Each structure stands twice: as structure tokens, then as C-alpha cells.
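This report concerns only the one structure given below.
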Amino acid sequence: MFEDVMTEKGEKRERGMPQAPFRHVLNTLMYVLITGCRWCDVPRGEIWASKSSAHRWLCAKGK
């Protein structure tokens with residue numbers, strides 16, 4: 001969809017937020033599944049992915 005944007009040095013330019021580590025996404029998904037909490041109640045901290053990252057991953061892989 002988007003073309004790779006190259007810098008003057010020929011390297012790919014980073015865009016957007018870096019990907020959340022898979023372990024953090026897994027922690028968040030397991031928390032939601034085990035506790036049954038709503039996405040807006042997902043805890044925040046160093047071992048958790050953001051609710052949007054975890055939800056986006058779930059929707060992309062769940063198809």
C-alpha cells in the first residue's frame with residue numbers, strides 16, 4: 001500500500017510507534033481473557049502493551 005520511504009543514505013526511515021514486544025502483547029491478551037475486563041480497563045505499565053496494540057494484534061491474527 002505505501003511505498004518504502006528511503007532517506008538520503010538509502011536506509012528505511014522509521015515511521016510511527018515502534019512495535020510492542022510480543023511478550024507484552026501476550027500479557028495483555030491473557031489478562032483480558034482471564035479476568036474478562038473491558039479493553040478500557042487494561043492496566044498500564046512496563047509489562048503491558050497498550051490496549052490499542054493488543055487489540056490490533058488480536059484483530060489482525062484472528063482472521
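Ordering of the C-alpha cells sets the chain letters (A, B, ...), residue numbers begin anew at 1 in every chain, and ligands are numbered from 1 in the order given.
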For region 33-40 of chain A, please output as a list in words all residues within 9 Å (counting only C-alpha atoms; exclusion window: fewer than 4 positions along the same chain).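 In the requested format, the answer is Thr28, Leu29, Lys51, Ser52 and His55 of chain A.
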So which residues touch Leu26 (chain A) within 12 Å, counting only C-alpha atoms, skipping near sequence neighbours fewer than 5 positions away, as a list of chain:residue names?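 Surrounding residues, per the criterion: A:Ala20, A:Pro21, A:Tyr31, A:Val32, A:Leu33, A:Ile34, A:Ile47, A:Trp48, A:Ala49, A:Ser50, A:Lys51, A:Ser53, A:Ala54, A:His55, A:Trp57, A:Leu58.
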Two-atom distance - CA of His24 (chain A), CA of Ala60 (chain A) (Å):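 About the pair CA of His24 (chain A) and CA of Ala60 (chain A): they are 16.5 Å apart.
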